[in-house]
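Shown below: coords32.tsv, with TSV, C-alpha atoms and all ligand atoms.
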chain	number	residue	atom	x	y	z
A	24	MET	CA	5.47	5.66	19.81
A	25	THR	CA	7.86	7.35	17.44
A	26	ALA	CA	7.09	10.73	15.93
A	27	LEU	CA	7.34	9.45	12.38
A	28	THR	CA	5.05	6.60	11.41
A	29	PRO	CA	5.40	4.86	8.04
A	30	GLN	CA	2.32	4.01	6.00
A	31	PRO	CA	0.45	0.79	6.85
A	32	GLY	CA	2.07	-2.35	5.51
A	33	ILE	CA	5.58	-0.96	5.03
A	34	MET	CA	7.04	-2.44	8.21
A	35	GLU	CA	5.63	-5.85	7.26
A	36	ILE	CA	7.81	-5.98	4.15
A	37	GLU	CA	10.60	-8.53	4.32
A	38	LEU	CA	13.52	-7.48	2.17
A	39	TYR	CA	13.77	-9.38	-1.11
A	40	GLN	CA	16.63	-11.88	-1.20
A	41	GLY	CA	18.43	-12.09	-4.54
A	42	GLY	CA	20.41	-15.11	-5.72
A	43	LYS	CA	23.98	-15.46	-4.47
A	44	SER	CA	26.58	-14.21	-6.92
A	45	ALA	CA	30.01	-14.89	-5.40
A	46	ILE	CA	31.98	-17.57	-3.57
A	47	ALA	CA	34.89	-16.30	-1.47
A	48	GLY	CA	38.27	-17.09	-3.06
A	49	ARG	CA	36.90	-18.40	-6.37
A	50	SER	CA	37.06	-16.77	-9.76
A	51	ASP	CA	35.44	-19.55	-11.82
A	52	VAL	CA	32.00	-19.21	-10.28
A	53	LEU	CA	29.09	-20.50	-12.31
A	54	LYS	CA	26.04	-18.50	-11.27
A	55	LEU	CA	22.86	-20.47	-11.81
A	56	SER	CA	20.88	-18.82	-9.04
A	57	SER	CA	18.96	-16.04	-10.82
A	58	ASN	CA	17.67	-17.49	-14.11
A	59	GLU	CA	19.98	-15.36	-16.21
A	60	ASN	CA	20.77	-16.06	-19.87
A	61	PRO	CA	23.90	-18.26	-20.22
A	62	LEU	CA	24.69	-16.55	-23.55
A	63	GLY	CA	24.78	-13.12	-21.93
A	64	PRO	CA	23.03	-10.00	-23.23
A	65	VAL	CA	21.46	-10.01	-26.69
A	66	PRO	CA	24.27	-8.55	-28.87
A	67	ALA	CA	21.97	-6.08	-30.64
A	68	ALA	CA	21.44	-4.39	-27.27
A	69	LEU	CA	25.18	-3.94	-26.72
A	70	ASP	CA	25.50	-1.93	-29.92
A	71	ALA	CA	22.39	0.10	-29.13
A	72	VAL	CA	23.68	0.91	-25.63
A	73	ALA	CA	27.02	2.11	-27.00
A	74	ALA	CA	25.27	4.40	-29.48
A	75	ALA	CA	22.71	5.69	-26.96
A	76	ALA	CA	25.39	6.45	-24.38
A	77	ARG	CA	26.40	9.45	-26.50
A	78	ASP	CA	22.95	10.91	-25.80
A	79	MET	CA	23.15	10.57	-22.04
A	80	HIS	CA	22.99	14.32	-21.57
A	81	ARG	CA	19.47	14.26	-23.08
A	82	TYR	CA	16.38	13.42	-21.09
A	83	PRO	CA	14.77	10.23	-22.37
A	84	SER	CA	11.46	9.99	-24.16
A	85	THR	CA	8.65	10.17	-21.65
A	86	ASP	CA	6.08	8.30	-23.74
A	87	HIS	CA	8.37	5.42	-24.80
A	88	ALA	CA	6.77	5.63	-28.25
A	89	ALA	CA	9.60	4.01	-30.21
A	90	LEU	CA	9.87	1.06	-27.83
A	91	ARG	CA	6.11	0.57	-27.64
A	92	THR	CA	5.93	0.65	-31.44
A	93	ALA	CA	8.66	-1.98	-31.69
A	94	ILE	CA	6.91	-4.19	-29.12
A	95	GLY	CA	3.67	-3.71	-31.04
A	96	GLU	CA	5.21	-4.78	-34.33
A	97	VAL	CA	6.99	-7.81	-32.97
A	98	TRP	CA	4.28	-9.16	-30.67
A	99	GLY	CA	1.25	-8.01	-32.64
A	100	VAL	CA	-0.17	-5.73	-29.96
A	101	GLU	CA	-1.47	-2.15	-30.09
A	102	PRO	CA	1.29	0.22	-28.88
A	103	ASP	CA	-1.20	2.37	-26.95
A	104	ARG	CA	-2.06	-0.65	-24.81
A	105	VAL	CA	1.56	-1.19	-23.73
A	106	ILE	CA	3.28	0.27	-20.65
A	107	CYS	CA	7.03	-0.01	-20.02
A	108	GLY	CA	8.70	-0.16	-16.64
A	109	VAL	CA	11.95	-0.61	-14.75
A	110	GLY	CA	11.73	-4.36	-15.09
A	111	SER	CA	8.35	-6.04	-15.12
A	112	ASP	CA	8.67	-5.63	-11.34
A	113	GLU	CA	7.82	-1.95	-11.77
A	114	VAL	CA	4.80	-2.75	-13.93
A	115	LEU	CA	3.63	-5.12	-11.20
A	116	GLN	CA	4.10	-2.29	-8.72
A	117	PHE	CA	2.03	0.07	-10.88
A	118	VAL	CA	-0.87	-2.34	-11.03
A	119	THR	CA	-0.90	-3.22	-7.32
A	120	GLN	CA	-0.54	0.42	-6.30
A	121	ALA	CA	-3.16	1.68	-8.76
A	122	TYR	CA	-5.83	-0.91	-8.07
A	123	ALA	CA	-5.52	-1.99	-4.43
A	124	GLY	CA	-5.12	-0.33	-1.04
A	125	PRO	CA	-5.87	-0.81	2.66
A	126	GLY	CA	-8.81	-3.17	3.18
A	127	ASP	CA	-8.43	-4.77	-0.26
A	128	GLU	CA	-7.25	-8.31	-0.90
A	129	ILE	CA	-4.75	-9.49	-3.48
A	130	ILE	CA	-4.57	-13.21	-4.21
A	131	HIS	CA	-1.32	-14.98	-5.02
A	132	THR	CA	-0.51	-18.68	-5.03
A	133	GLU	CA	1.45	-20.82	-2.58
A	134	HIS	CA	4.72	-20.97	-4.48
A	135	GLY	CA	4.32	-17.69	-6.36
A	136	PHE	CA	7.04	-15.09	-6.92
A	137	SER	CA	8.49	-13.82	-3.62
A	138	LEU	CA	8.23	-10.22	-4.81
A	139	TYR	CA	4.41	-10.34	-4.66
A	140	PRO	CA	4.05	-10.07	-0.86
A	141	VAL	CA	6.44	-7.09	-0.97
A	142	LEU	CA	4.28	-5.31	-3.57
A	143	ILE	CA	1.06	-6.16	-1.73
A	144	HIS	CA	2.38	-4.65	1.51
A	145	MET	CA	3.65	-1.62	-0.39
A	146	ALA	CA	0.09	-1.03	-1.56
A	147	GLY	CA	-1.13	-1.48	2.02
A	148	ALA	CA	-3.39	-4.31	0.84
A	149	THR	CA	-3.91	-7.76	2.36
A	150	ALA	CA	-2.20	-10.79	0.82
A	151	VAL	CA	-4.31	-13.91	0.39
A	152	CYS	CA	-2.16	-16.96	-0.37
A	153	VAL	CA	-3.97	-19.93	-1.96
A	154	PRO	CA	-2.61	-23.48	-2.06
A	155	GLU	CA	-1.26	-25.10	-5.22
A	156	ARG	CA	-1.89	-28.73	-6.17
A	157	GLU	CA	1.32	-30.76	-6.43
A	158	ARG	CA	3.31	-27.63	-7.31
A	159	VAL	CA	0.85	-26.54	-10.00
A	160	VAL	CA	-1.45	-23.52	-9.72
A	161	ASP	CA	-4.95	-24.62	-8.69
A	162	VAL	CA	-7.48	-22.46	-10.56
A	163	ASP	CA	-10.41	-23.65	-8.46
A	164	ALA	CA	-8.57	-22.75	-5.25
A	165	ILE	CA	-8.02	-19.24	-6.64
A	166	LEU	CA	-11.69	-18.88	-7.55
A	167	ALA	CA	-12.76	-20.19	-4.14
A	168	ALA	CA	-10.62	-17.52	-2.45
A	169	VAL	CA	-12.29	-14.60	-4.25
A	170	THR	CA	-14.34	-12.38	-1.92
A	171	ASP	CA	-16.03	-8.97	-2.20
A	172	ARG	CA	-12.73	-7.45	-1.18
A	173	THR	CA	-10.59	-9.16	-3.83
A	174	ARG	CA	-9.15	-6.61	-6.26
A	175	ILE	CA	-6.29	-8.45	-7.98
A	176	VAL	CA	-5.09	-12.00	-8.69
A	177	LEU	CA	-1.34	-12.31	-9.31
A	178	LEU	CA	-0.59	-15.40	-11.38
A	179	THR	CA	2.87	-16.48	-12.54
A	180	ASN	CA	2.53	-18.73	-15.57
A	181	PRO	CA	4.83	-20.59	-16.00
A	182	GLY	CA	5.62	-20.51	-12.30
A	183	ASN	CA	8.79	-19.57	-10.43
A	184	PRO	CA	10.27	-21.58	-8.72
A	185	THR	CA	8.08	-24.53	-9.76
A	186	GLY	CA	8.66	-24.23	-13.52
A	187	THR	CA	5.20	-25.72	-14.09
A	188	MET	CA	2.29	-24.12	-15.89
A	189	ILE	CA	-1.45	-24.46	-16.22
A	190	SER	CA	-3.01	-25.45	-19.54
A	191	ASP	CA	-4.64	-23.00	-21.92
A	192	ALA	CA	-7.99	-24.52	-20.98
A	193	GLU	CA	-7.39	-23.87	-17.27
A	194	LEU	CA	-6.30	-20.31	-17.99
A	195	ASP	CA	-9.44	-19.80	-20.09
A	196	HIS	CA	-11.52	-21.14	-17.20
A	197	LEU	CA	-9.90	-18.75	-14.74
A	198	VAL	CA	-10.45	-15.77	-17.02
A	199	ASP	CA	-14.07	-16.77	-17.68
A	200	ALA	CA	-14.97	-17.46	-14.06
A	201	LEU	CA	-13.28	-14.46	-12.45
A	202	PRO	CA	-15.64	-11.50	-11.85
A	203	GLU	CA	-14.80	-8.52	-14.07
A	204	THR	CA	-14.28	-6.47	-10.91
A	205	VAL	CA	-11.17	-8.54	-10.20
A	206	LEU	CA	-8.03	-7.73	-12.17
A	207	LEU	CA	-6.03	-10.76	-13.32
A	208	VAL	CA	-2.30	-10.19	-13.78
A	209	ILE	CA	-0.57	-12.88	-15.84
A	210	ASP	CA	3.14	-12.57	-15.08
A	211	GLY	CA	4.80	-14.04	-18.16
A	212	ALA	CA	8.48	-13.64	-17.29
A	213	TYR	CA	9.23	-17.08	-18.78
A	214	THR	CA	6.76	-17.07	-21.68
A	215	GLU	CA	9.41	-17.36	-24.40
A	216	TYR	CA	10.65	-20.64	-22.91
A	217	ALA	CA	7.19	-22.26	-22.95
A	218	ALA	CA	6.64	-23.67	-26.44
A	219	GLY	CA	3.37	-22.61	-28.03
A	220	TYR	CA	2.28	-20.34	-25.16
A	221	ASP	CA	1.23	-16.73	-25.75
A	222	GLY	CA	1.74	-15.55	-22.17
A	223	GLY	CA	-1.94	-14.66	-21.82
A	224	LEU	CA	-1.77	-12.21	-24.71
A	225	ARG	CA	-5.12	-13.21	-26.16
A	226	HIS	CA	-6.86	-12.57	-22.84
A	227	ALA	CA	-5.09	-9.24	-22.31
A	228	ALA	CA	-6.21	-8.32	-25.85
A	229	THR	CA	-9.87	-9.05	-25.32
A	230	ARG	CA	-10.78	-8.77	-21.64
A	231	PRO	CA	-11.38	-5.60	-19.64
A	232	ASN	CA	-9.70	-7.03	-16.53
A	233	VAL	CA	-6.56	-8.86	-17.72
A	234	LEU	CA	-3.00	-7.50	-17.75
A	235	MET	CA	-0.05	-9.49	-19.11
A	236	THR	CA	3.51	-8.62	-18.03
A	237	ARG	CA	6.73	-9.51	-19.84
A	238	THR	CA	10.42	-8.88	-19.23
A	239	PHE	CA	13.72	-8.26	-20.97
A	240	SER	CA	15.54	-9.81	-17.99
A	241	LYS	CA	15.38	-13.47	-18.92
A	242	ILE	CA	15.60	-14.57	-22.56
A	243	TYR	CA	17.03	-11.22	-23.74
A	244	GLY	CA	19.74	-11.38	-21.06
A	245	LEU	CA	19.16	-7.82	-19.83
A	246	GLY	CA	18.36	-8.36	-16.15
A	247	GLY	CA	21.00	-5.85	-15.11
A	248	LEU	CA	19.49	-3.14	-17.28
A	249	ARG	CA	15.95	-3.36	-15.81
A	250	ILE	CA	13.25	-3.24	-18.52
A	251	GLY	CA	9.84	-4.87	-18.68
A	252	TRP	CA	6.43	-4.18	-20.11
A	253	GLY	CA	2.75	-4.78	-19.62
A	254	TYR	CA	-0.11	-5.18	-22.09
A	255	GLY	CA	-3.75	-4.72	-21.26
A	256	PRO	CA	-6.90	-2.65	-21.81
A	257	LYS	CA	-6.25	0.94	-22.81
A	258	LYS	CA	-8.03	2.30	-19.73
A	259	MET	CA	-5.85	0.26	-17.41
A	260	ILE	CA	-2.70	1.44	-19.20
A	261	GLU	CA	-3.85	5.06	-18.86
A	262	VAL	CA	-4.44	4.62	-15.14
A	263	MET	CA	-1.01	3.09	-14.57
A	264	THR	CA	0.70	5.71	-16.72
A	265	ARG	CA	-0.47	8.39	-14.24
A	266	ILE	CA	1.63	6.86	-11.47
A	267	ARG	CA	4.59	6.04	-13.72
A	268	GLN	CA	7.41	8.53	-13.33
A	269	PRO	CA	7.79	10.45	-16.61
A	270	PHE	CA	11.45	9.47	-16.99
A	271	ASN	CA	11.39	5.99	-15.46
A	272	LEU	CA	13.41	4.49	-18.32
A	273	SER	CA	16.76	5.96	-19.41
A	274	VAL	CA	17.87	6.60	-23.00
A	275	VAL	CA	20.13	3.57	-22.65
A	276	GLN	CA	17.37	1.27	-21.41
A	277	LEU	CA	14.98	2.37	-24.13
A	278	ALA	CA	17.53	1.91	-26.91
A	279	ALA	CA	18.62	-1.50	-25.66
A	280	ALA	CA	15.08	-2.78	-25.32
A	281	GLU	CA	14.05	-1.58	-28.76
A	282	ALA	CA	17.02	-3.31	-30.39
A	283	ALA	CA	16.47	-6.44	-28.30
A	284	VAL	CA	12.81	-6.91	-29.08
A	285	ARG	CA	13.46	-6.73	-32.82
A	286	ASP	CA	15.99	-9.58	-32.60
A	287	THR	CA	13.51	-12.43	-32.88
A	288	ALA	CA	16.22	-14.82	-34.10
A	289	TRP	CA	17.95	-14.44	-30.73
A	290	VAL	CA	14.81	-15.51	-28.88
A	291	GLU	CA	14.47	-18.61	-31.07
A	292	ARG	CA	18.11	-19.53	-30.59
A	293	CYS	CA	18.04	-19.12	-26.81
A	294	ALA	CA	14.75	-21.00	-26.45
A	295	ALA	CA	16.12	-23.90	-28.52
A	296	LEU	CA	19.35	-24.08	-26.51
A	297	ASN	CA	17.37	-23.92	-23.28
A	298	ALA	CA	14.96	-26.69	-24.31
A	299	GLU	CA	17.86	-28.96	-25.24
A	300	GLN	CA	19.88	-28.42	-22.07
A	301	ARG	CA	16.80	-28.46	-19.86
A	302	ALA	CA	15.85	-31.91	-21.16
A	303	ARG	CA	19.40	-33.09	-20.55
A	304	LEU	CA	19.44	-31.74	-16.99
A	305	VAL	CA	16.00	-33.17	-16.15
A	306	GLY	CA	17.14	-36.54	-17.52
A	307	ALA	CA	20.31	-36.51	-15.43
A	308	LEU	CA	18.40	-35.59	-12.27
A	309	GLY	CA	16.05	-38.49	-12.93
A	310	GLN	CA	18.95	-40.90	-13.24
A	311	LEU	CA	20.27	-39.67	-9.90
A	312	GLY	CA	16.89	-40.26	-8.28
A	313	ILE	CA	16.29	-36.54	-7.74
A	314	ALA	CA	12.63	-35.60	-8.28
A	315	CYS	CA	11.88	-32.86	-10.77
A	316	ASP	CA	8.70	-31.71	-12.51
A	317	ALA	CA	8.62	-30.99	-16.24
A	318	SER	CA	9.74	-27.36	-16.59
A	319	GLU	CA	8.45	-24.78	-19.07
A	320	THR	CA	11.08	-22.22	-18.03
A	321	ASN	CA	14.85	-21.68	-18.02
A	322	PHE	CA	15.33	-23.41	-14.68
A	323	VAL	CA	14.40	-26.65	-12.97
A	324	LEU	CA	13.28	-27.27	-9.42
A	325	ALA	CA	15.26	-30.24	-8.10
A	326	ARG	CA	13.54	-31.86	-5.13
A	327	PHE	CA	15.70	-33.91	-2.79
A	328	ALA	CA	14.65	-36.42	-0.13
A	329	ASP	CA	14.59	-33.72	2.55
A	330	ALA	CA	16.10	-30.39	3.59
A	331	THR	CA	19.28	-32.05	4.88
A	332	GLU	CA	19.95	-33.74	1.54
A	333	ALA	CA	19.24	-30.51	-0.34
A	334	ARG	CA	21.72	-28.67	1.86
A	335	SER	CA	24.32	-31.37	1.28
A	336	ALA	CA	23.89	-31.14	-2.50
A	337	GLU	CA	24.05	-27.34	-2.38
A	338	ASP	CA	27.28	-27.51	-0.37
A	339	ALA	CA	28.77	-29.92	-2.92
A	340	LEU	CA	27.77	-27.66	-5.83
A	341	THR	CA	29.18	-24.62	-4.04
A	342	ALA	CA	32.45	-26.48	-3.42
A	343	ASP	CA	32.59	-27.00	-7.19
A	344	GLY	CA	32.01	-23.27	-7.77
A	345	ILE	CA	28.34	-23.59	-8.76
A	346	LEU	CA	25.71	-21.33	-7.24
A	347	VAL	CA	22.07	-22.43	-7.29
A	348	ARG	CA	19.05	-21.08	-5.43
A	349	ALA	CA	17.86	-22.56	-2.15
A	350	VAL	CA	14.08	-22.13	-2.17
A	351	ALA	CA	13.01	-22.79	1.45
A	352	GLY	CA	11.55	-19.28	1.41
A	353	TYR	CA	9.21	-20.40	-1.37
A	354	GLY	CA	8.00	-23.37	0.65
A	355	PHE	CA	10.53	-25.89	-0.68
A	356	PRO	CA	13.11	-26.63	2.05
A	357	GLU	CA	13.95	-29.82	0.13
A	358	GLY	CA	14.42	-27.98	-3.16
A	359	LEU	CA	17.15	-26.31	-5.16
A	360	ARG	CA	16.27	-24.16	-8.16
A	361	ILE	CA	18.90	-24.55	-10.87
A	362	THR	CA	19.06	-22.24	-13.87
A	363	VAL	CA	19.59	-24.08	-17.17
A	364	GLY	CA	23.00	-23.15	-18.56
A	365	ASP	CA	24.70	-23.80	-21.89
A	366	ALA	CA	26.10	-27.26	-22.73
A	367	ASP	CA	29.36	-26.81	-20.77
A	368	GLN	CA	27.64	-25.34	-17.74
A	369	THR	CA	24.99	-28.05	-17.68
A	370	GLY	CA	27.78	-30.61	-17.91
A	371	ARG	CA	29.42	-29.03	-14.87
A	372	VAL	CA	26.22	-29.27	-12.85
A	373	ILE	CA	25.64	-32.90	-13.83
A	374	ASP	CA	29.26	-33.85	-13.03
A	375	SER	CA	29.09	-32.15	-9.66
A	376	LEU	CA	25.84	-33.87	-8.69
A	377	ASN	CA	27.16	-37.23	-9.93
A	378	SER	CA	30.24	-36.87	-7.69
A	379	TRP	CA	28.09	-35.78	-4.77
A	380	ARG	CA	25.82	-38.83	-5.17
A	381	THR	CA	28.79	-41.18	-5.48
A	382	ALA	CA	30.45	-39.73	-2.37
A	383	ALA	CA	27.29	-39.86	-0.28
B	401	LIG	C1	12.44	-12.88	-13.22
B	401	LIG	C2	11.00	-12.66	-12.96
B	401	LIG	C3	10.39	-11.46	-13.32
B	401	LIG	C4	11.16	-10.41	-14.04
B	401	LIG	O1	11.37	-9.31	-13.26
B	401	LIG	P1	12.09	-8.04	-13.91
B	401	LIG	O2	11.71	-6.96	-12.96
B	401	LIG	O3	11.49	-7.85	-15.25
B	401	LIG	O4	13.55	-8.32	-13.94
B	401	LIG	C5	9.04	-11.31	-13.08
B	401	LIG	N1	8.31	-12.29	-12.52
B	401	LIG	C6	8.87	-13.47	-12.19
B	401	LIG	C7	8.01	-14.54	-11.62
B	401	LIG	C8	10.23	-13.68	-12.38
B	401	LIG	O5	10.77	-14.84	-12.03
For this file, write the structure as structure tokens.
Amino acid sequence: MTALTPQPGIMEIELYQGGKSAIAGRSDVLKLSSNENPLGPVPAALDAVAAAARDMHRYPSTDHAALRTAIGEVWGVEPDRVICGVGSDEVLQFVTQAYAGPGDEIIHTEHGFSLYPVLIHMAGATAVCVPERERVVDVDAILAAVTDRTRIVLLTNPGNPTGTMISDAELDHLVDALPETVLLVIDGAYTEYAAGYDGGLRHAATRPNVLMTRTFSKIYGLGGLRIGWGYGPKKMIEVMTRIRQPFNLSVVQLAAAEAAVRDTAWVERCAALNAEQRARLVGALGQLGIACDASETNFVLARFADATEARSAEDALTADGILVRAVAGYGFPEGLRITVGDADQTGRVIDSLNSWRTAA
């Protein structure tokens, strides 16, 4: 026995694996492994960052009032029911830490976000993984897994890495059937890419036990800056705010996010580009005989015949300077998750896979 013993759960955490970002000896790498925006950061944020940098000697706002007001105006939510974090990852950490501990269960689904088990162990709680049905979240399986010890359900909708989502009716059913003692987190990292979807906003607005999380990392192109937010009942926000560090977001992060959220034209433009190139990529995969579900996100999950074929395709893409995400860790050894790029980038992916298929 060592003298120093970490808290329960910590040694069970497996370190998060990010997407690859470099290929030795290549400068023309196309990184499609982390669902980043092919157009780069929203330009309004670049200007805001440059201006805010002059204030770096000042401590940032601790209540995030200006950013919460901007989020409130743009998304039609009450600013005092919004909490901002270092990526939505931090908001997810607030909620798991605040509402679950040793002896408690947190439900997540089979192919859910790989960060969830990390957060659950950090809270010292027990992870309960429920099966999905053909790569789609199974609401009845979630409900069947609820016990007296269940505190939280973590739901990614649309899902990562599946790209699929449940219907509004299924989400309504989940919200209605879940006991109010169980907190439902709707992780909406890809909401802006799913046409007509509100990310669970209407449930977070009206239910005492629903929290919606959103991010600036995907459609706003600010993954490197680390900003996200959550929206839920005022009481829940107040609880989480107690464990939020007073200066968790820098002056630069706050300024960038405020400028970004007001640029609604950017969101429309990126969503339209994504929908167009996603359809093109899905069509090309189909022609190559590579299985792929309809995606509501900015990536597709390509499913090959088996793990060997997936590895072969990944090697061919890498040889062409294209990085995608192997998703064996998410339960898909036969899969590759490919971020949807712009027209040129999507063309590069399709060309590479065409050559690979021809050579095979
Ligand atoms: C990318 C992603 C996020 C966003 O995380 P940030 O901390 O905001 O960068 C959250 N959930 C899922 C499922 C994601 O794929």
Report as a tab-separated table (two decimals) with C-alpha atoms, in the frame of the given file all protein, DNA and RNA residues lying within 6 Å of Ile345 of chain A, evaluated on all atoms listed in the file, omitting residues in the same chain fewer than 4 positions from it.
chain	number	residue	atom	x	y	z
A	52	VAL	CA	32.00	-19.21	-10.28
A	53	LEU	CA	29.09	-20.50	-12.31
A	340	LEU	CA	27.77	-27.66	-5.83
A	341	THR	CA	29.18	-24.62	-4.04
Can you report as JSON the centre and edge lengths in Å, to one decimal, of an axis-aligned box around the listed atoms of ligand LIG 401 (chain B) padded with 6 Å on each side?
{"center_x": 10.8, "center_y": -10.9, "center_z": -13.4, "size_x": 17.5, "size_y": 19.9, "size_z": 15.6}
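Using all atoms listed in the file for every distance, the candidate list A:Cys107, A:Ile189, A:Ile175, A:Val114 yields A:Ile189 as the residue closest to Glu155 of chain A.
Nearest to Ile129 of chain A of all the residues A:Val160, A:Val153, A:Val105, A:Ala295 is A:Val153, based on all atoms listed in the file.
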Using all atoms listed in the file, which residues of chain A come within 7 Å of ligand LIG 401 (chain B), and what is the closest atom pair for each, with the distance in Å to one decimal? Give it as CSV, sorted by chain and residue number.
residue,atom,partner,partner_atom,distance
A:Val109,CA,B:LIG401,O2,6.6
A:Gly110,CA,B:LIG401,O2,3.4
A:Ser111,CA,B:LIG401,O3,3.6
A:Asp112,CA,B:LIG401,O2,3.7
A:Glu113,CA,B:LIG401,O2,6.5
A:Phe136,CA,B:LIG401,C7,4.8
A:Thr179,CA,B:LIG401,C7,5.6
A:Gly182,CA,B:LIG401,C7,6.5
A:Asn183,CA,B:LIG401,C7,5.2
A:Asp210,CA,B:LIG401,N1,5.8
A:Gly211,CA,B:LIG401,N1,6.9
A:Ala212,CA,B:LIG401,C5,4.8
A:Arg237,CA,B:LIG401,O3,6.8
A:Thr238,CA,B:LIG401,O3,4.2
A:Phe239,CA,B:LIG401,O3,6.2
A:Ser240,CA,B:LIG401,O4,4.8
A:Lys241,CA,B:LIG401,C1,6.4
A:Gly246,CA,B:LIG401,O4,5.3
A:Arg249,CA,B:LIG401,O4,5.8
A:Ile250,CA,B:LIG401,O3,5.9
A:Gly251,CA,B:LIG401,O3,4.8
query: Quick one: residues within 10 Å of Asn271 of chain A, only C-alpha atoms counted, chain neighbours fewer than 2 positions away excluded, as a VMD selection string?
result: chain A and resid 83 to 85 87 107 to 109 113 250 267 to 269 273 to 274 276
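Closest approach to Val372 of chain A from the set A:Asp163, A:Gly358, A:Gln300, A:Ala314 is made by A:Gln300, with distances taken over all atoms listed in the file.
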